[in-house]
$ cat entry21.cif   # mmCIF, C-alpha atoms
data_input
#
loop_
_atom_site.group_PDB
_atom_site.id
_atom_site.type_symbol
_atom_site.label_atom_id
_atom_site.label_comp_id
_atom_site.auth_asym_id
_atom_site.auth_seq_id
_atom_site.Cartn_x
_atom_site.Cartn_y
_atom_site.Cartn_z
ATOM 1 C CA MET U 167 94.230 118.881 -221.902
ATOM 2 C CA SER U 168 97.947 118.240 -222.295
ATOM 3 C CA PHE U 169 99.806 115.816 -220.082
ATOM 4 C CA LEU U 170 102.102 118.572 -218.774
ATOM 5 C CA ARG U 171 99.112 120.675 -217.824
ATOM 6 C CA PHE U 172 97.603 117.599 -216.168
ATOM 7 C CA LEU U 173 100.699 117.556 -213.947
ATOM 8 C CA GLY U 174 100.249 121.217 -213.061
ATOM 9 C CA ALA U 175 103.040 122.593 -215.277
ATOM 10 C CA LYS U 176 102.413 125.851 -217.060
ATOM 11 C CA PRO U 177 104.372 125.702 -220.329
ATOM 12 C CA ALA U 178 105.369 128.957 -221.979
ATOM 13 C CA ALA U 179 102.921 130.236 -224.573
ATOM 14 C CA SER U 180 105.364 129.498 -227.394
ATOM 15 C CA ALA U 181 106.417 126.097 -226.060
ATOM 16 C CA PRO U 182 105.153 123.214 -228.182
ATOM 17 C CA THR U 183 103.123 120.504 -226.513
ATOM 18 C CA GLU U 184 105.435 117.537 -225.996
ATOM 19 C CA ARG U 185 102.779 114.981 -225.070
ATOM 20 C CA PRO U 186 99.621 113.895 -226.878
ATOM 21 C CA GLN U 187 96.188 114.865 -225.603
ATOM 22 C CA VAL U 188 94.785 112.432 -223.061
ATOM 23 C CA GLU U 189 91.028 112.703 -222.752
ATOM 24 C CA SER U 190 90.563 110.199 -219.935
ATOM 25 C CA GLU U 191 92.458 112.178 -217.310
ATOM 26 C CA THR U 192 90.222 113.056 -214.387
ATOM 27 C CA GLU U 193 90.120 115.930 -211.960
ATOM 28 C CA ALA U 194 90.537 113.548 -209.018
ATOM 29 C CA VAL U 195 93.827 112.140 -210.278
ATOM 30 C CA ARG U 196 95.074 115.554 -211.423
ATOM 31 C CA ARG U 197 94.757 116.981 -207.898
ATOM 32 C CA ILE U 198 96.699 114.105 -206.359
ATOM 33 C CA VAL U 199 99.384 114.168 -209.057
ATOM 34 C CA ALA U 200 99.898 117.895 -208.576
ATOM 35 C CA ARG U 201 101.051 117.219 -205.006
ATOM 36 C CA LEU U 202 103.684 114.724 -206.187
ATOM 37 C CA GLU U 203 105.708 117.007 -208.430
ATOM 38 C CA THR U 204 109.013 115.541 -207.280
ATOM 39 C CA LEU U 205 108.230 112.147 -208.804
ATOM 40 C CA PRO U 206 108.540 111.232 -212.469
ATOM 41 C CA PRO U 207 105.188 112.044 -214.143
ATOM 42 C CA GLU U 208 104.232 108.446 -214.993
ATOM 43 C CA THR U 209 105.058 107.290 -211.468
ATOM 44 C CA ALA U 210 103.011 110.111 -209.972
ATOM 45 C CA ARG U 211 100.053 109.303 -212.225
ATOM 46 C CA SER U 212 100.205 105.610 -211.337
ATOM 47 C CA LEU U 213 100.424 106.258 -207.586
ATOM 48 C CA ALA U 214 97.607 108.815 -207.742
ATOM 49 C CA GLY U 215 95.349 106.355 -209.543
ATOM 50 C CA MET U 216 96.304 103.585 -207.162
ATOM 51 C CA ALA U 217 95.577 105.763 -204.124
ATOM 52 C CA TYR U 218 92.189 106.762 -205.472
ATOM 53 C CA VAL U 219 91.177 103.159 -206.191
ATOM 54 C CA LEU U 220 92.350 102.144 -202.708
ATOM 55 C CA ALA U 221 90.204 104.922 -201.232
ATOM 56 C CA ARG U 222 87.310 103.654 -203.312
ATOM 57 C CA ALA U 223 87.763 100.176 -201.823
ATOM 58 C CA ALA U 224 88.027 101.640 -198.316
ATOM 59 C CA ASN U 225 84.851 103.675 -198.798
ATOM 60 C CA ALA U 226 82.808 100.781 -200.219
ATOM 61 C CA ASP U 227 80.965 100.487 -196.904
ATOM 62 C CA MET U 228 80.489 104.281 -196.832
ATOM 63 C CA ASN U 229 83.149 104.708 -194.143
ATOM 64 C CA ILE U 230 86.936 104.997 -194.339
ATOM 65 C CA SER U 231 88.217 103.872 -190.942
ATOM 66 C CA ASP U 232 91.539 104.727 -189.330
ATOM 67 C CA VAL U 233 92.710 101.137 -189.801
ATOM 68 C CA GLU U 234 91.854 101.294 -193.520
ATOM 69 C CA THR U 235 93.699 104.616 -193.782
ATOM 70 C CA ALA U 236 96.769 103.077 -192.131
ATOM 71 C CA ALA U 237 96.590 100.128 -194.549
ATOM 72 C CA MET U 238 96.419 102.535 -197.495
ATOM 73 C CA VAL U 239 99.527 104.351 -196.250
ATOM 74 C CA GLN U 240 101.264 100.989 -195.863
ATOM 75 C CA GLU U 241 100.378 99.986 -199.438
ATOM 76 C CA LEU U 242 101.713 103.268 -200.849
ATOM 77 C CA THR U 243 104.936 103.169 -198.841
ATOM 78 C CA GLY U 244 105.420 99.669 -200.244
ATOM 79 C CA SER U 245 105.027 101.201 -203.710
ATOM 80 C CA GLY U 246 107.896 103.629 -203.327
ATOM 81 C CA LEU U 247 106.590 106.682 -201.476
ATOM 82 C CA ASP U 248 108.081 107.792 -198.202
ATOM 83 C CA GLU U 249 105.639 107.898 -195.297
ATOM 84 C CA ALA U 250 105.020 111.665 -195.490
ATOM 85 C CA GLN U 251 104.227 111.470 -199.199
ATOM 86 C CA ALA U 252 102.032 108.417 -198.652
ATOM 87 C CA VAL U 253 100.045 110.145 -195.906
ATOM 88 C CA LEU U 254 99.522 113.193 -198.123
ATOM 89 C CA VAL U 255 98.453 111.112 -201.104
ATOM 90 C CA VAL U 256 96.119 108.959 -198.992
ATOM 91 C CA GLU U 257 94.446 111.993 -197.424
ATOM 92 C CA MET U 258 93.961 113.627 -200.820
ATOM 93 C CA ALA U 259 92.627 110.405 -202.328
ATOM 94 C CA LYS U 260 90.216 109.985 -199.418
ATOM 95 C CA LEU U 261 88.975 113.539 -199.872
ATOM 96 C CA GLN U 262 88.501 112.999 -203.596
ATOM 97 C CA GLU U 263 86.663 109.718 -203.034
ATOM 98 C CA LEU U 264 84.402 111.234 -200.395
ATOM 99 C CA THR U 265 83.570 114.293 -202.504
ATOM 100 C CA THR U 266 83.479 112.912 -206.061
ATOM 101 C CA GLY U 267 83.266 109.148 -205.450
ATOM 102 C CA GLY U 268 80.439 107.880 -207.593
ATOM 103 C CA THR U 269 81.261 110.296 -210.394
ATOM 104 C CA SER U 270 84.973 109.522 -210.678
ATOM 105 C CA ASP U 271 85.215 105.888 -209.570
ATOM 106 C CA TYR U 272 84.871 104.263 -212.975
ATOM 107 C CA LEU U 273 86.884 106.945 -214.780
ATOM 108 C CA VAL U 274 89.863 106.719 -212.441
ATOM 109 C CA THR U 275 89.842 102.913 -212.406
ATOM 110 C CA ARG U 276 89.638 102.828 -216.211
ATOM 111 C CA GLU U 277 92.484 105.335 -216.473
ATOM 112 C CA PHE U 278 94.639 103.203 -214.174
ATOM 113 C CA ARG U 279 93.834 100.158 -216.335
ATOM 114 C CA GLU U 280 94.866 101.976 -219.510
ATOM 115 C CA HIS U 281 98.247 103.010 -218.094
ATOM 116 C CA SER U 282 99.225 99.839 -216.243
ATOM 117 C CA THR U 283 100.339 96.295 -216.816
ATOM 118 C CA MET U 284 98.264 93.273 -215.835
ATOM 119 C CA GLU U 285 100.746 92.633 -213.013
ATOM 120 C CA GLN U 286 100.141 96.164 -211.661
ATOM 121 C CA ARG U 287 96.367 95.731 -211.936
ATOM 122 C CA MET U 288 96.510 92.407 -210.076
ATOM 123 C CA ALA U 289 98.666 94.021 -207.364
ATOM 124 C CA LEU U 290 96.151 96.861 -207.065
ATOM 125 C CA LEU U 291 93.227 94.455 -206.687
ATOM 126 C CA ARG U 292 95.144 92.508 -204.024
ATOM 127 C CA ALA U 293 95.860 95.820 -202.244
ATOM 128 C CA CYS U 294 92.138 96.696 -202.420
ATOM 129 C CA TYR U 295 91.312 93.389 -200.722
ATOM 130 C CA HIS U 296 93.972 94.157 -198.113
ATOM 131 C CA ILE U 297 92.316 97.530 -197.449
ATOM 132 C CA ALA U 298 88.821 96.036 -197.236
ATOM 133 C CA ALA U 299 90.096 93.328 -194.851
ATOM 134 C CA ALA U 300 92.046 95.779 -192.675
ATOM 135 C CA ASP U 301 89.315 95.685 -190.027
ATOM 136 C CA ASP U 302 89.330 91.855 -190.096
ATOM 137 C CA SER U 303 86.165 91.554 -192.163
ATOM 138 C CA ILE U 304 84.991 92.158 -195.717
ATOM 139 C CA THR U 305 81.324 93.105 -195.846
ATOM 140 C CA SER U 306 79.043 92.199 -198.718
ATOM 141 C CA MET U 307 79.119 95.858 -199.845
ATOM 142 C CA GLU U 308 82.909 95.823 -199.859
ATOM 143 C CA ASN U 309 82.998 92.507 -201.691
ATOM 144 C CA SER U 310 80.609 93.842 -204.319
ATOM 145 C CA SER U 311 82.805 96.895 -204.877
ATOM 146 C CA LEU U 312 85.903 94.716 -205.147
ATOM 147 C CA VAL U 313 84.224 92.577 -207.815
ATOM 148 C CA GLU U 314 83.330 95.769 -209.683
ATOM 149 C CA ILE U 315 86.890 97.102 -209.420
ATOM 150 C CA ALA U 316 88.261 93.787 -210.732
ATOM 151 C CA SER U 317 85.909 93.977 -213.702
ATOM 152 C CA GLU U 318 86.862 97.588 -214.456
ATOM 153 C CA LEU U 319 90.548 96.616 -214.301
ATOM 154 C CA ASP U 320 89.854 93.860 -216.889
ATOM 155 C CA ILE U 321 90.905 91.129 -214.481
ATOM 156 C CA SER U 322 89.278 87.834 -215.386
ATOM 157 C CA ARG U 323 86.834 86.215 -212.976
ATOM 158 C CA GLU U 324 89.285 83.358 -212.464
ATOM 159 C CA GLU U 325 92.187 85.655 -211.591
ATOM 160 C CA ALA U 326 89.972 87.773 -209.324
ATOM 161 C CA ALA U 327 88.717 84.618 -207.602
ATOM 162 C CA GLN U 328 92.316 83.569 -206.891
ATOM 163 C CA ILE U 329 92.994 86.887 -205.175
ATOM 164 C CA ARG U 330 89.652 86.771 -203.352
ATOM 165 C CA ALA U 331 90.526 83.278 -202.064
ATOM 166 C CA GLU U 332 93.555 84.759 -200.266
ATOM 167 C CA PHE U 333 91.078 86.705 -198.109
ATOM 168 C CA ALA U 334 88.426 83.992 -197.737
ATOM 169 C CA ASP U 335 88.740 83.877 -193.952
ATOM 170 C CA LYS U 336 87.857 87.578 -193.768
ATOM 171 C CA ILE U 337 84.860 87.176 -196.065
ATOM 172 C CA SER U 338 83.448 83.973 -194.589
ATOM 173 C CA ALA U 339 83.694 85.249 -191.020
ATOM 174 C CA ARG U 340 81.649 88.296 -191.965
ATOM 175 C CA PHE U 341 78.993 86.358 -193.830
ATOM 176 C CA GLY U 342 78.618 83.845 -190.979
ATOM 177 C CA PHE U 343 79.949 80.805 -192.800
ATOM 178 C CA SER U 344 81.955 78.212 -190.957
ATOM 179 C CA THR U 345 85.690 78.727 -191.177
ATOM 180 C CA GLY U 346 86.446 75.139 -190.218
ATOM 181 C CA ALA U 347 87.596 73.973 -186.794
ATOM 182 C CA GLY U 348 86.753 76.618 -184.266
ATOM 183 C CA GLY U 349 84.593 78.520 -186.765
ATOM 184 C CA THR U 350 81.412 80.247 -185.743
ATOM 185 C CA GLY U 351 79.184 79.393 -188.671
ATOM 186 C CA GLY U 352 76.396 77.219 -188.912
#
$ encode --input "entry21.cif" --output "C-alpha cells"
Amino acid sequence: MSFLRFLGAKPAASAPTERPQVESETEAVRRIVARLETLPPETARSLAGMAYVLARAANADMNISDVETAAMVQELTGSGLDEAQAVLVVEMAKLQELTTGGTSDYLVTREFREHSTMEQRMALLRACYHIAAADDSITSMENSSLVEIASELDISREEAAQIRAEFADKISARFGFSTGAGGTGG
C-alpha cells in the first residue's frame, strides 16, 4: 500500500507513486490519519500513532475512564492539535483500541518506533504514564502494559525506570506500599 493511499488520497491512475511501499502501516492508524487530512502527512501519522498508544495505555485495565480521556486530549493538544482535532483523534483512537486492541497494539507501537526519534518515544512513554496515573493510581495491569510499551518502543530499562520513578507515588499508593510520612502502607 502506498503512503498516499494510506492517507486516504486517491491518486490518478496514471500518476506515479511518489512514496515507497510501507508494509507496517496498520488499519488502526490509517483510520485516524484519514481524519487529519489538514495536517502534513508525517505529523498526522505521528499523532495518530501517539493517540493509539495512549488509548492502549488507558485501556490497560480494560476501561478507558473520562479522566483518562481528558488526559489524552490534553496530551494531544500539547502536541499541536487544537482541542476539536484532539477530541476527534482521541475518540477514534479509543474506538480502534477497544475494537482491535490486542491485534493492533504491537503493530502500531512498532510503527511509531520506526518513524520517531528516541526523544519522541520517551515523551510518548511519559505521556502513557500520565494517562495511566490520571485517576491518581497506576494498577499492576497498567504498569505491566507500560513496561511492555517501553520495550516495544526500544526504551532501555534504565530510561523507562527513570520515567516510571516520576510516577512512583501513584504506583506505590496503589500497591499499598508506604509513601513516607503520612503514607498508608505497611
$ atom_distance --input "entry21.cif" --atom1 "CA of Arg292 in chain U" --atom2 "CA of Thr266 in chain U"
23.6 Å
$ atom_distance --input "entry21.cif" --atom1 "CA of Asn229 in chain U" --atom2 "CA of Asp301 in chain U"
11.7 Å
$ atom_distance --input "entry21.cif" --atom1 "CA of Ala252 in chain U" --atom2 "CA of Val239 in chain U"
5.3 Å
$ resolve_selection --input "entry21.cif" --expression "the PyMOL selection byres ((chain U and resi 305) around 8)" --output "MDAnalysis selection string"
chainID U and resid 227 303:304 306:309 337 340:341
$ resolve_selection --input "entry21.cif" --expression "the PyMOL selection byres ((chain U and resi 225) around 10)" --output "count of residues only"
22
$ closest_residue --input "entry21.cif" --among "U:Gln240, U:Gln251, U:Ser317, U:Thr269" --to "Thr204 in chain U" --atoms "all atoms listed in the file"
U:Gln251
